[in-house]
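K.L.:
So here's my_file_22.txt, just compact mmCIF, C-alpha atoms and all ligand atoms:
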# COMPACT_ATOMS: atom_id res chain seq x y z
CA MET R 17 -191.20 118.17 -73.58
CA TYR R 18 -188.89 116.39 -75.98
CA ASP R 19 -188.10 119.65 -77.79
CA MET R 20 -187.23 121.27 -74.48
CA VAL R 21 -184.74 118.54 -73.73
CA LEU R 22 -183.25 118.90 -77.18
CA LEU R 23 -183.01 122.65 -76.80
CA ASN R 24 -181.36 122.41 -73.39
CA PHE R 25 -178.97 119.83 -74.66
CA THR R 26 -177.98 121.98 -77.62
CA MET R 27 -177.45 124.95 -75.37
CA LEU R 28 -175.27 122.96 -73.05
CA HIS R 29 -173.21 121.03 -75.52
CA GLY R 30 -173.37 122.86 -78.81
CA ASN R 31 -174.43 121.05 -81.91
CA ILE R 32 -172.67 117.72 -81.50
CA SER R 33 -173.91 114.57 -83.21
CA MET R 34 -177.33 114.69 -81.60
CA ASP R 35 -178.72 111.92 -83.74
CA ILE R 36 -176.30 109.32 -82.38
CA ARG R 37 -177.47 109.95 -78.82
CA LYS R 38 -181.02 109.01 -79.69
CA ASN R 39 -182.25 105.48 -79.95
CA GLU R 40 -184.72 104.35 -82.59
CA ALA R 41 -187.68 105.59 -80.56
CA GLY R 42 -186.09 109.03 -80.50
CA TYR R 43 -185.12 109.17 -76.83
CA PHE R 44 -181.78 110.38 -75.60
CA MET R 45 -179.38 107.86 -74.30
CA ASN R 46 -177.91 108.70 -70.93
CA ILE R 47 -176.36 105.53 -69.61
CA LYS R 48 -174.45 105.67 -66.36
CA GLN R 49 -171.49 103.42 -65.69
CA GLY R 50 -173.29 102.15 -62.62
CA ASP R 51 -176.89 102.66 -61.51
CA MET R 52 -178.42 101.25 -58.34
CA LEU R 53 -181.98 102.42 -58.88
CA PRO R 54 -183.21 99.74 -61.33
CA GLN R 55 -182.23 96.98 -58.90
CA PHE R 56 -184.04 98.72 -56.03
CA LYS R 57 -187.15 99.17 -58.15
CA ARG R 58 -187.18 95.51 -59.16
CA PHE R 59 -187.56 94.39 -55.54
CA GLN R 60 -189.00 97.64 -54.18
CA GLN R 61 -191.95 96.13 -52.36
CA GLU R 62 -189.83 93.55 -50.55
CA TYR R 63 -187.29 96.19 -49.51
CA GLU R 64 -189.93 98.61 -48.28
CA GLU R 65 -191.74 95.97 -46.27
CA LYS R 66 -188.49 94.94 -44.60
CA ALA R 67 -187.51 98.56 -43.91
CA LEU R 68 -190.83 99.20 -42.19
CA GLU R 69 -190.53 96.00 -40.21
CA VAL R 70 -187.12 97.07 -38.91
CA LEU R 71 -188.26 100.62 -38.14
CA ARG R 72 -191.19 99.30 -36.17
CA SER R 73 -189.16 96.70 -34.27
CA GLY R 74 -187.59 99.16 -31.82
CA TRP R 75 -184.17 97.44 -32.17
CA TYR R 76 -181.56 98.84 -34.58
CA ILE R 77 -178.03 97.53 -33.95
CA LEU R 78 -176.91 93.88 -33.68
CA GLY R 79 -180.27 92.19 -33.36
CA LYS R 80 -182.26 89.43 -34.97
CA GLU R 81 -181.84 90.70 -38.55
CA VAL R 82 -178.04 90.74 -38.21
CA LYS R 83 -178.06 87.27 -36.65
CA ALA R 84 -180.33 85.91 -39.38
CA PHE R 85 -178.27 87.54 -42.13
CA GLU R 86 -175.04 86.13 -40.68
CA GLU R 87 -176.55 82.64 -40.64
CA GLU R 88 -177.99 82.93 -44.14
CA PHE R 89 -174.84 84.40 -45.70
CA ALA R 90 -172.63 81.75 -44.07
CA ALA R 91 -175.03 79.04 -45.27
CA TYR R 92 -175.08 80.49 -48.80
CA LEU R 93 -171.25 80.36 -48.91
CA GLY R 94 -170.97 76.99 -47.23
CA ALA R 95 -169.02 78.61 -44.39
CA ASP R 96 -169.36 77.88 -40.69
CA PHE R 97 -169.44 81.47 -39.45
CA CYS R 98 -170.16 85.03 -40.53
CA ALA R 99 -169.82 88.25 -38.54
CA GLY R 100 -171.51 91.43 -39.75
CA LEU R 101 -169.36 94.58 -39.64
CA ALA R 102 -169.66 98.24 -40.54
CA SER R 103 -167.66 98.18 -43.81
CA GLY R 104 -165.36 96.22 -46.06
CA LEU R 105 -162.36 98.21 -44.86
CA ASP R 106 -163.18 97.25 -41.26
CA ALA R 107 -163.41 93.59 -42.30
CA LEU R 108 -159.90 93.87 -43.75
CA TYR R 109 -158.12 95.72 -40.97
CA LEU R 110 -159.86 93.81 -38.20
CA SER R 111 -158.76 90.57 -39.89
CA PHE R 112 -155.15 91.50 -39.28
CA ARG R 113 -155.87 92.68 -35.74
CA VAL R 114 -157.62 89.40 -34.96
CA LEU R 115 -154.71 87.42 -36.42
CA HIS R 116 -152.23 89.51 -34.37
CA ILE R 117 -150.58 90.80 -37.51
CA GLY R 118 -149.26 94.32 -37.03
CA LYS R 119 -146.11 96.36 -36.57
CA GLY R 120 -143.05 94.72 -38.08
CA ASP R 121 -145.10 92.17 -40.03
CA GLU R 122 -145.48 92.00 -43.79
CA VAL R 123 -148.59 91.13 -45.78
CA ILE R 124 -148.41 90.30 -49.48
CA VAL R 125 -151.05 92.03 -51.60
CA PRO R 126 -151.61 92.60 -55.34
CA ALA R 127 -150.19 95.94 -56.50
CA ASN R 128 -153.25 96.62 -58.68
CA THR R 129 -156.03 96.65 -56.12
CA TYR R 130 -158.42 99.21 -54.76
CA ILE R 131 -156.53 101.15 -52.10
CA ALA R 132 -158.82 99.85 -49.33
CA SER R 133 -157.07 96.46 -49.49
CA VAL R 134 -153.77 98.17 -48.71
CA MET R 135 -155.28 100.40 -46.03
CA GLY R 136 -156.63 97.29 -44.30
CA ILE R 137 -153.02 96.16 -43.91
CA THR R 138 -151.53 99.48 -42.85
CA MET R 139 -154.37 100.36 -40.45
CA ALA R 140 -153.42 97.22 -38.55
CA GLY R 141 -149.84 98.54 -38.45
CA ALA R 142 -148.39 95.99 -40.89
CA THR R 143 -146.42 96.64 -44.08
CA PRO R 144 -147.86 95.86 -47.52
CA VAL R 145 -145.60 94.01 -49.94
CA PHE R 146 -146.84 94.39 -53.51
CA VAL R 147 -146.97 91.67 -56.14
CA GLU R 148 -147.73 92.21 -59.83
CA PRO R 149 -150.94 90.81 -61.34
CA ASP R 150 -151.47 88.27 -64.12
CA GLU R 151 -153.42 88.95 -67.32
CA PHE R 152 -156.67 88.31 -65.44
CA TYR R 153 -155.92 91.32 -63.19
CA ASN R 154 -155.44 89.13 -60.12
CA ILE R 155 -152.28 88.52 -58.09
CA ALA R 156 -149.93 86.24 -60.07
CA PRO R 157 -149.48 83.14 -57.87
CA GLU R 158 -146.02 82.38 -59.26
CA ARG R 159 -144.77 85.84 -58.23
CA ILE R 160 -145.71 85.45 -54.55
CA GLU R 161 -142.94 83.21 -53.30
CA GLU R 162 -140.09 85.55 -54.26
CA LYS R 163 -141.62 88.21 -51.98
CA ILE R 164 -141.83 86.05 -48.87
CA THR R 165 -139.42 86.99 -46.05
CA GLU R 166 -139.27 85.95 -42.40
CA LYS R 167 -141.53 88.90 -41.65
CA THR R 168 -144.31 87.71 -43.96
CA LYS R 169 -147.38 86.65 -42.02
CA ALA R 170 -150.19 86.56 -44.57
CA VAL R 171 -151.27 86.91 -48.17
CA LEU R 172 -154.24 89.15 -48.92
CA SER R 173 -155.69 88.01 -52.25
CA VAL R 174 -158.24 90.21 -54.00
CA ASN R 175 -160.83 88.79 -56.40
CA LEU R 176 -160.70 91.90 -58.56
CA TYR R 177 -163.62 92.89 -60.82
CA GLY R 178 -165.48 89.75 -59.63
CA GLN R 179 -163.04 87.08 -60.78
CA ALA R 180 -161.75 84.46 -58.35
CA CYS R 181 -157.97 84.29 -57.92
CA ARG R 182 -156.02 81.08 -58.59
CA LEU R 183 -156.78 79.96 -55.08
CA ASP R 184 -155.47 76.42 -55.53
CA LYS R 185 -151.96 77.79 -56.15
CA ILE R 186 -152.17 80.67 -53.69
CA SER R 187 -153.40 78.49 -50.82
CA ALA R 188 -150.65 75.94 -51.59
CA VAL R 189 -147.99 78.67 -51.27
CA CYS R 190 -149.54 79.84 -48.00
CA LYS R 191 -149.63 76.32 -46.57
CA LYS R 192 -146.03 75.67 -47.60
CA HIS R 193 -144.80 78.82 -45.80
CA GLY R 194 -147.22 78.80 -42.86
CA LEU R 195 -148.97 82.02 -43.91
CA TYR R 196 -152.55 83.04 -43.33
CA LEU R 197 -154.66 83.53 -46.44
CA VAL R 198 -157.08 86.43 -46.11
CA GLU R 199 -159.17 87.40 -49.12
CA ASP R 200 -160.81 90.63 -50.17
CA CYS R 201 -164.21 89.65 -51.61
CA ALA R 202 -165.56 93.18 -51.83
CA GLN R 203 -166.08 92.66 -55.58
CA SER R 204 -166.80 88.94 -55.66
CA HIS R 205 -169.93 87.98 -53.72
CA GLY R 206 -170.84 84.51 -54.93
CA ALA R 207 -167.66 83.82 -56.94
CA MET R 208 -166.33 80.28 -56.98
CA PHE R 209 -163.02 78.62 -57.75
CA ASP R 210 -163.11 75.02 -59.01
CA GLY R 211 -166.73 74.64 -57.92
CA GLU R 212 -166.23 75.91 -54.36
CA TYR R 213 -166.98 79.38 -53.06
CA THR R 214 -163.65 81.19 -52.72
CA ASN R 215 -163.87 81.32 -48.91
CA HIS R 216 -163.36 77.54 -48.91
CA TYR R 217 -159.64 78.19 -49.63
CA CYS R 218 -159.09 81.01 -47.14
CA ASP R 219 -158.79 81.64 -43.41
CA ILE R 220 -160.86 84.82 -43.52
CA SER R 221 -162.94 86.26 -46.36
CA CYS R 222 -163.76 89.97 -46.20
CA PHE R 223 -166.88 91.42 -47.76
CA SER R 224 -168.11 94.95 -48.40
CA PHE R 225 -171.79 95.70 -48.90
CA TYR R 226 -171.22 99.21 -50.25
CA PRO R 227 -174.28 99.97 -52.41
CA SER R 228 -172.63 99.42 -55.82
CA LYS R 229 -171.19 96.00 -54.95
CA ASN R 230 -172.84 92.85 -56.30
CA LEU R 231 -174.42 92.30 -52.88
CA GLY R 232 -174.76 95.94 -51.89
CA CYS R 233 -176.94 97.36 -49.17
CA PHE R 234 -178.36 100.87 -48.80
CA GLY R 235 -175.56 102.47 -46.84
CA ASP R 236 -172.28 101.06 -45.54
CA GLY R 237 -171.87 97.49 -44.42
CA GLY R 238 -169.40 94.63 -44.34
CA ALA R 239 -168.80 91.13 -43.02
CA ILE R 240 -166.26 88.36 -42.68
CA VAL R 241 -166.83 84.66 -43.14
CA THR R 242 -164.60 81.95 -41.72
CA ASP R 243 -164.69 78.31 -40.68
CA ASN R 244 -162.62 79.07 -37.59
CA GLU R 245 -164.70 79.40 -34.44
CA GLU R 246 -162.07 81.33 -32.49
CA ILE R 247 -161.55 83.85 -35.29
CA HIS R 248 -165.31 84.35 -35.47
CA ARG R 249 -165.51 84.88 -31.71
CA LEU R 250 -162.71 87.46 -31.86
CA PHE R 251 -164.49 89.41 -34.60
CA LYS R 252 -167.60 89.63 -32.47
CA ILE R 253 -165.45 90.97 -29.63
CA TYR R 254 -163.44 93.41 -31.74
CA ARG R 255 -166.47 94.85 -33.53
CA ASN R 256 -168.10 95.82 -30.26
CA TYR R 257 -165.45 97.81 -28.35
CA GLY R 258 -163.58 94.66 -27.47
CA SER R 259 -166.25 93.26 -25.23
CA GLU R 260 -167.97 89.91 -25.15
CA VAL R 261 -169.70 90.55 -21.87
CA ARG R 262 -171.12 94.05 -21.69
CA TYR R 263 -168.75 96.60 -20.11
CA HIS R 264 -165.98 94.03 -19.76
CA ASN R 265 -163.52 95.20 -22.39
CA MET R 266 -160.85 92.62 -23.17
CA VAL R 267 -159.06 94.35 -26.07
CA VAL R 268 -158.98 97.80 -27.64
CA GLY R 269 -161.60 97.01 -30.23
CA ALA R 270 -163.61 99.10 -32.64
CA ASN R 271 -167.15 100.20 -33.23
CA SER R 272 -167.85 98.21 -36.37
CA ARG R 273 -171.35 96.83 -36.22
CA LEU R 274 -173.72 96.01 -39.02
CA ASP R 275 -177.06 97.63 -38.32
CA GLU R 276 -180.46 95.96 -38.40
CA MET R 277 -181.72 97.99 -41.35
CA GLN R 278 -178.81 97.03 -43.61
CA ALA R 279 -178.88 93.42 -42.44
CA GLY R 280 -182.62 93.16 -43.11
CA LEU R 281 -182.27 94.66 -46.58
CA LEU R 282 -179.28 92.41 -47.29
CA ARG R 283 -181.41 89.38 -46.40
CA VAL R 284 -183.87 90.45 -49.08
CA LYS R 285 -181.11 90.97 -51.65
CA LEU R 286 -179.24 87.77 -50.79
CA LYS R 287 -182.29 85.76 -51.92
CA HIS R 288 -181.83 87.33 -55.37
CA LEU R 289 -178.03 87.30 -55.52
CA ASP R 290 -177.73 84.36 -57.93
CA GLU R 291 -180.30 85.91 -60.23
CA LEU R 292 -178.51 89.28 -60.08
CA ASN R 293 -175.12 87.69 -60.76
CA ASN R 294 -176.59 85.73 -63.68
CA GLU R 295 -177.91 88.94 -65.16
CA ARG R 296 -174.41 90.46 -64.92
CA LYS R 297 -173.07 87.39 -66.69
CA GLU R 298 -175.56 87.83 -69.54
CA ILE R 299 -174.52 91.46 -69.86
CA ALA R 300 -170.84 90.44 -70.00
CA GLU R 301 -171.55 87.77 -72.59
CA ARG R 302 -173.39 90.28 -74.77
CA TYR R 303 -170.38 92.62 -74.61
CA LEU R 304 -167.97 89.80 -75.40
CA ALA R 305 -170.03 88.65 -78.38
CA GLY R 306 -170.79 92.14 -79.70
CA ILE R 307 -167.58 94.14 -79.39
CA ASN R 308 -165.64 93.42 -82.56
CA ARG R 309 -162.65 95.68 -82.28
CA LYS R 310 -159.22 94.12 -82.39
CA ASP R 311 -157.58 97.13 -80.71
CA LEU R 312 -159.52 96.75 -77.45
CA ILE R 313 -158.43 94.11 -74.95
CA LEU R 314 -161.54 92.44 -73.57
CA PRO R 315 -161.64 90.72 -70.17
CA SER R 316 -161.05 86.99 -70.03
CA VAL R 317 -161.76 84.39 -67.40
CA GLN R 318 -159.13 81.85 -66.45
CA GLU R 319 -159.86 78.15 -66.25
CA GLY R 320 -161.50 77.08 -63.02
CA ALA R 321 -162.20 80.63 -61.90
CA GLY R 322 -165.71 81.83 -61.25
CA MET R 323 -166.52 85.37 -62.35
CA VAL R 324 -169.43 87.42 -61.02
CA TRP R 325 -168.70 90.43 -63.26
CA HIS R 326 -168.53 93.20 -60.72
CA GLN R 327 -167.01 95.26 -63.51
CA PHE R 328 -166.53 94.75 -67.24
CA VAL R 329 -163.06 96.16 -67.78
CA ILE R 330 -161.50 96.67 -71.20
CA ARG R 331 -158.05 98.00 -72.02
CA THR R 332 -156.97 100.50 -74.64
CA ASP R 333 -154.02 102.79 -75.21
CA LYS R 334 -156.49 105.40 -76.54
CA ARG R 335 -158.42 105.60 -73.28
CA GLU R 336 -158.84 109.33 -73.04
CA GLU R 337 -160.22 109.67 -76.57
CA LEU R 338 -162.51 106.69 -76.14
CA MET R 339 -163.87 107.95 -72.82
CA LYS R 340 -164.64 111.32 -74.31
CA TYR R 341 -166.18 109.82 -77.42
CA LEU R 342 -168.47 107.62 -75.33
CA ALA R 343 -169.34 110.45 -72.95
CA ASP R 344 -170.35 112.63 -75.91
CA LYS R 345 -172.73 109.88 -76.94
CA GLY R 346 -174.27 109.56 -73.50
CA ILE R 347 -172.32 106.54 -72.26
CA GLY R 348 -170.69 106.72 -68.85
CA THR R 349 -167.42 104.93 -68.11
CA LEU R 350 -165.09 104.86 -65.12
CA ILE R 351 -161.47 103.92 -64.44
CA HIS R 352 -160.88 101.23 -61.81
CA TYR R 353 -158.31 102.49 -60.82
CA PRO R 354 -156.25 105.37 -62.24
CA ILE R 355 -153.54 105.54 -59.53
CA PRO R 356 -152.08 102.31 -58.13
CA PRO R 357 -151.68 102.36 -54.33
CA HIS R 358 -147.85 102.37 -54.50
CA LEU R 359 -147.96 105.68 -56.42
CA SER R 360 -150.65 107.30 -54.29
CA GLN R 361 -149.78 110.22 -52.05
CA ALA R 362 -151.01 108.22 -49.06
CA TYR R 363 -148.28 105.61 -49.54
CA GLU R 364 -145.39 107.88 -50.47
CA TYR R 365 -143.83 106.83 -47.17
CA LEU R 366 -143.35 103.28 -48.46
CA GLY R 367 -140.75 104.74 -50.84
CA HIS R 368 -141.94 103.25 -54.11
CA LYS R 369 -141.46 105.07 -57.39
CA LYS R 370 -142.83 105.03 -60.91
CA GLY R 371 -141.66 101.94 -62.76
CA ASP R 372 -141.50 99.69 -59.67
CA PHE R 373 -144.56 97.73 -60.83
CA PRO R 374 -144.72 98.16 -64.61
CA ILE R 375 -147.61 95.75 -65.27
CA THR R 376 -149.77 97.39 -62.62
CA GLU R 377 -148.86 100.85 -63.94
CA LYS R 378 -149.64 99.84 -67.52
CA TYR R 379 -153.05 98.54 -66.43
CA ALA R 380 -153.75 101.72 -64.48
CA ASN R 381 -153.07 103.70 -67.68
CA GLU R 382 -155.23 101.53 -69.94
CA VAL R 383 -158.22 100.09 -68.04
CA LEU R 384 -161.73 101.36 -68.68
CA SER R 385 -164.93 100.04 -67.11
CA LEU R 386 -167.99 99.93 -69.36
CA PRO R 387 -171.51 100.29 -67.93
CA MET R 388 -172.28 97.24 -65.80
CA TYR R 389 -175.20 97.06 -63.40
CA ASN R 390 -178.39 95.15 -62.77
CA GLY R 391 -181.06 96.65 -64.96
CA LEU R 392 -178.87 97.71 -67.92
CA THR R 393 -181.24 96.93 -70.79
CA VAL R 394 -180.50 94.96 -73.95
CA GLU R 395 -181.35 98.02 -76.01
CA GLU R 396 -178.93 100.20 -74.05
CA GLN R 397 -176.28 97.58 -74.40
CA GLU R 398 -176.72 97.28 -78.14
CA TYR R 399 -176.33 101.04 -78.34
CA ILE R 400 -173.12 100.86 -76.28
CA ILE R 401 -171.71 98.05 -78.43
CA ASN R 402 -172.57 99.79 -81.72
CA THR R 403 -171.14 103.07 -80.51
CA LEU R 404 -167.95 101.37 -79.37
CA ASN R 405 -167.58 99.47 -82.64
CA SER R 406 -167.86 102.70 -84.63
CA PHE R 407 -165.17 104.57 -82.65
CA GLU R 408 -162.55 105.85 -85.06
CA GLY R 409 -159.54 105.92 -82.82
C1 LIG N 501 -165.20 98.43 -52.05
C2 LIG N 501 -163.93 97.76 -51.77
C3 LIG N 501 -163.37 97.71 -50.49
C4 LIG N 501 -163.86 98.54 -49.33
O1 LIG N 501 -165.16 98.34 -48.93
P1 LIG N 501 -165.89 99.48 -48.08
O2 LIG N 501 -167.16 98.82 -47.64
O3 LIG N 501 -166.10 100.66 -48.97
O4 LIG N 501 -165.02 99.82 -46.91
C5 LIG N 501 -162.23 96.96 -50.29
N1 LIG N 501 -161.64 96.30 -51.30
C6 LIG N 501 -162.13 96.34 -52.56
C7 LIG N 501 -161.43 95.56 -53.63
C8 LIG N 501 -163.28 97.07 -52.84
O5 LIG N 501 -163.74 97.10 -54.10
For the structure just supplied, provide its representation as structure tokens.

P.N.:
Amino acid sequence: MYDMVLLNFTMLHGNISMDIRKNEAGYFMNIKQGDMLPQFKRFQQEYEEKALEVLRSGWYILGKEVKAFEEEFAAYLGADFCAGLASGLDALYLSFRVLHIGKGDEVIVPANTYIASVMGITMAGATPVFVEPDEFYNIAPERIEEKITEKTKAVLSVNLYGQACRLDKISAVCKKHGLYLVEDCAQSHGAMFDGEYTNHYCDISCFSFYPSKNLGCFGDGGAIVTDNEEIHRLFKIYRNYGSEVRYHNMVVGANSRLDEMQAGLLRVKLKHLDELNNERKEIAERYLAGINRKDLILPSVQEGAGMVWHQFVIRTDKREELMKYLADKGIGTLIHYPIPPHLSQAYEYLGHKKGDFPITEKYANEVLSLPMYNGLTVEEQEYIINTLNSFEG
């Protein structure tokens, strides 16, 4: 069996440094950048029992599981309300719809975010105004004010890679200028700033439950949390074709409902979220302690900011060589993200060009995400660290 694998591997890849891909027990290393299976297997019985319960209930959309999840997630975050939705993108664009932000309005957003943040703004009809990040990869609070015009209606902060933004400063700017503060928490389930969950500082917090997120489900899903009762009510209207009373449609809404299966499975996972986030933190700490190269820029956490380590992102100007070197040794990496939204084909119409956001563009050229997921073993991690430390770039 083992010889077969070796043979196949040699046939596929030629005779490249086979010994390095094996651990001490002689097995091949094949470490993905992200892997959702170990987490499922850890709680498999709980998930399967819940899945059967939902299947047998005869009720599949907006029912008791969704209601219970909304209550439990709001309670976990110390928020008054939660509304389950179909995706993180829906949470974002419906936020602007609900706040009546659209055509002719501007929303300030970090230039170095996942493109969904920007699409949330433009799908509502509003115009994104980009701001460069700080060295923690989050929107630089001191660069926001210079971008505010009379058209600005909101700031969309993004807790990128799991790290909370400087929400004390950002919320102060928003208060001073009468702007809404919406946050994209798709990568930051459970992150705090100054001892409070980030939603405490914001009008609306948008979550994605895409499977690879810290609190991921087993399909698509999303939610918002808010302390504002009217905003919550509007989300429940907008997500269901604009109706509060069946067949009485008050606004042109959307079909954006969390389903019972995902909500039930999310209830199972939510009970383990702190444990899962702690495991990510241990993984990050092992990387930080073990990687001893001066030429790689390791992630850092700013004072007061909570970090739930959605990704462990390093920077290097030898990214291509390093990626290939690691891939040859069975270590998967990914780039989050290679093309900043302002340079994407989708947003050509905004008229930005290369060089408009040099910090963002530099990051896009240098960032590399190491393997980070629940279930990454200590042994695998030691192998990654040793391999990285022996890179001759
Ligand atoms: C994943 C993600 C989204 C979008 O969530 P979906 O559920 O895939 O729609 C939005 N913003 C950020 C920062 C994300 O990482």

K.L.:
Residues within 8 Å of ligand LIG 501 (chain N) should be enumerated using only C-alpha atoms and all ligand atoms and returned as a PyMOL selection string.

P.N.:
chain R and resi 102-108+129-133+174-177+200-203+223-226+229+236-238

K.L.:
Can I get the selection written as a CSV table (one decimal), in the frame of the given file, with C-alpha atoms?

P.N.:
chain,number,residue,atom,x,y,z
R,102,ALA,CA,-169.7,98.2,-40.5
R,103,SER,CA,-167.7,98.2,-43.8
R,104,GLY,CA,-165.4,96.2,-46.1
R,105,LEU,CA,-162.4,98.2,-44.9
R,106,ASP,CA,-163.2,97.2,-41.3
R,107,ALA,CA,-163.4,93.6,-42.3
R,108,LEU,CA,-159.9,93.9,-43.8
R,129,THR,CA,-156.0,96.6,-56.1
R,130,TYR,CA,-158.4,99.2,-54.8
R,131,ILE,CA,-156.5,101.2,-52.1
R,132,ALA,CA,-158.8,99.8,-49.3
R,133,SER,CA,-157.1,96.5,-49.5
R,174,VAL,CA,-158.2,90.2,-54.0
R,175,ASN,CA,-160.8,88.8,-56.4
R,176,LEU,CA,-160.7,91.9,-58.6
R,177,TYR,CA,-163.6,92.9,-60.8
R,200,ASP,CA,-160.8,90.6,-50.2
R,201,CYS,CA,-164.2,89.6,-51.6
R,202,ALA,CA,-165.6,93.2,-51.8
R,203,GLN,CA,-166.1,92.7,-55.6
R,223,PHE,CA,-166.9,91.4,-47.8
R,224,SER,CA,-168.1,95.0,-48.4
R,225,PHE,CA,-171.8,95.7,-48.9
R,226,TYR,CA,-171.2,99.2,-50.2
R,229,LYS,CA,-171.2,96.0,-55.0
R,236,ASP,CA,-172.3,101.1,-45.5
R,237,GLY,CA,-171.9,97.5,-44.4
R,238,GLY,CA,-169.4,94.6,-44.3

K.L.:
Using Å and a single decimal, report how far atom CA of Gly320 of chain R sits from atom CA of Glu88 of chain R.

P.N.:
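Between atom CA of Glu88 of chain R and atom CA of Gly320 of chain R the gap is 25.7 Å.
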
K.L.:
R:Glu377, R:Glu199, R:Glu398, R:Glu64: which is nearest Ala305 of chain R, counting all atoms listed in the file?

P.N.:
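Using all atoms listed in the file, the shortest distance to Ala305 of chain R belongs to R:Glu398.
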
K.L.:
Can you tell me how far atom CA of Leu78 of chain R sits from atom CA of Thr138 of chain R, in Å to one decimal?

P.N.:
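Atom-to-atom, atom CA of Leu78 of chain R and atom CA of Thr138 of chain R are spaced 27.6 Å apart.
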
K.L.:
Taking into account all atoms listed in the file, which residue in the set R:Lys83, R:Lys163, R:Arg255, R:Lys185 is nearest to Val114 of chain R?

P.N.:
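Selected residue with least distance to Val114 of chain R: R:Arg255.
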
K.L.:
Env of Lys285 of chain R: 12 Å cut, atoms = all atoms listed in the file, seq-sep filter 3 positions within chain, self excluded. Answer as a PyMOL selection string.

P.N.:
chain R and resi 55-56+58-60+62-63+66+85+88-89+205+225+227+229-234+278-282+288-293

K.L.:
Could you work out how far atom CA of Ala95 of chain R lies from atom CA of Ile164 of chain R, giving the answer in Å with one decimal?

P.N.:
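Computing the Euclidean distance for atom CA of Ile164 of chain R and atom CA of Ala95 of chain R yields 28.5 Å.
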
K.L.:
Rank R:Glu81, R:Ile160, R:Leu195, R:Phe152 by their smallest atom-to-atom distance to Glu69 of chain R, using all atoms listed in the file, and report the top residue only.

P.N.:
R:Glu81

K.L.:
Tell me, as a list in words, which residues lie within 9 Å of Asp210 of chain R, counting all atoms listed in the file; anything in the same chain fewer than 5 positions away does not count.

P.N.:
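Counting only the stated atoms, we get Leu183, Asp184, Glu319, Gly320, Ala321 and Gly322 of chain R.
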
K.L.:
Take every atom of segment 320-334 of chain R listed in the file, fit an axis-aligned box around them, add 4 Å per side, and give the centre and edge lengths in Å to one decimal as JSON.

P.N.:
{"center_x": -161.7, "center_y": 91.2, "center_z": -68.6, "size_x": 23.4, "size_y": 36.3, "size_z": 23.8}

K.L.:
Show which residues sit within 12 Å of Asn402 of chain R, as a list of chain:residue names. Count all atoms listed in the file, and ignore same-chain residues fewer than 4 positions away.

P.N.:
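Listed by chain and then number, they are R:Ile36, R:Arg37, R:Asn39, R:Arg302, R:Tyr303, R:Ala305, R:Gly306, R:Ile307, R:Asn308, R:Arg309, R:Leu342, R:Lys345, R:Ile347, R:Glu395, R:Glu396, R:Gln397, R:Glu398, R:Ser406, R:Phe407.
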
K.L.:
Please produce a file of the residues just selected, as a PDB file, in the frame of the given file, where the atoms kept are C-alpha atoms.

P.N.:
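again-v7.pdb was written with the following content:
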ATOM      1  CA  ILE R  36    -176.300 109.320 -82.380  1.00  0.00           C
ATOM      2  CA  ARG R  37    -177.470 109.950 -78.820  1.00  0.00           C
ATOM      3  CA  ASN R  39    -182.250 105.480 -79.950  1.00  0.00           C
ATOM      4  CA  ARG R 302    -173.390  90.280 -74.770  1.00  0.00           C
ATOM      5  CA  TYR R 303    -170.380  92.620 -74.610  1.00  0.00           C
ATOM      6  CA  ALA R 305    -170.030  88.650 -78.380  1.00  0.00           C
ATOM      7  CA  GLY R 306    -170.790  92.140 -79.700  1.00  0.00           C
ATOM      8  CA  ILE R 307    -167.580  94.140 -79.390  1.00  0.00           C
ATOM      9  CA  ASN R 308    -165.640  93.420 -82.560  1.00  0.00           C
ATOM     10  CA  ARG R 309    -162.650  95.680 -82.280  1.00  0.00           C
ATOM     11  CA  LEU R 342    -168.470 107.620 -75.330  1.00  0.00           C
ATOM     12  CA  LYS R 345    -172.730 109.880 -76.940  1.00  0.00           C
ATOM     13  CA  ILE R 347    -172.320 106.540 -72.260  1.00  0.00           C
ATOM     14  CA  GLU R 395    -181.350  98.020 -76.010  1.00  0.00           C
ATOM     15  CA  GLU R 396    -178.930 100.200 -74.050  1.00  0.00           C
ATOM     16  CA  GLN R 397    -176.280  97.580 -74.400  1.00  0.00           C
ATOM     17  CA  GLU R 398    -176.720  97.280 -78.140  1.00  0.00           C
ATOM     18  CA  SER R 406    -167.860 102.700 -84.630  1.00  0.00           C
ATOM     19  CA  PHE R 407    -165.170 104.570 -82.650  1.00  0.00           C
TER      20      PHE R 407
END

K.L.:
Compare R:Lys378, R:Lys57, R:His352, R:Arg296 by their minimum atom-to-atom distance to Trp325 of chain R, counting all atoms listed in the file, and give me the closest one.

P.N.:
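For Trp325 of chain R, the nearest of the candidates is R:Arg296.
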
K.L.:
Closest to Gly94 of chain R among R:Lys48, R:Lys287, R:His216, R:Lys191, using all atoms listed in the file?

P.N.:
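Comparing R:Lys48, R:Lys287, R:His216, R:Lys191 against Gly94 of chain R, the winner is R:His216.
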
K.L.:
In file coordinates, which residues lie within 12 Å of (-161.4, 82.8, -35.9) using all atoms listed in the file, given as a PyMOL selection string?

P.N.:
chain R and resi 96-99+110-116+196+198+218-221+240-254

K.L.:
Measuring between all atoms listed in the file, which one of R:Met208, R:Val134, R:Ala188, R:Cys222 shows the shortest distance to Met323 of chain R?

P.N.:
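The shortest atom-to-atom distance to Met323 of chain R comes from R:Met208.
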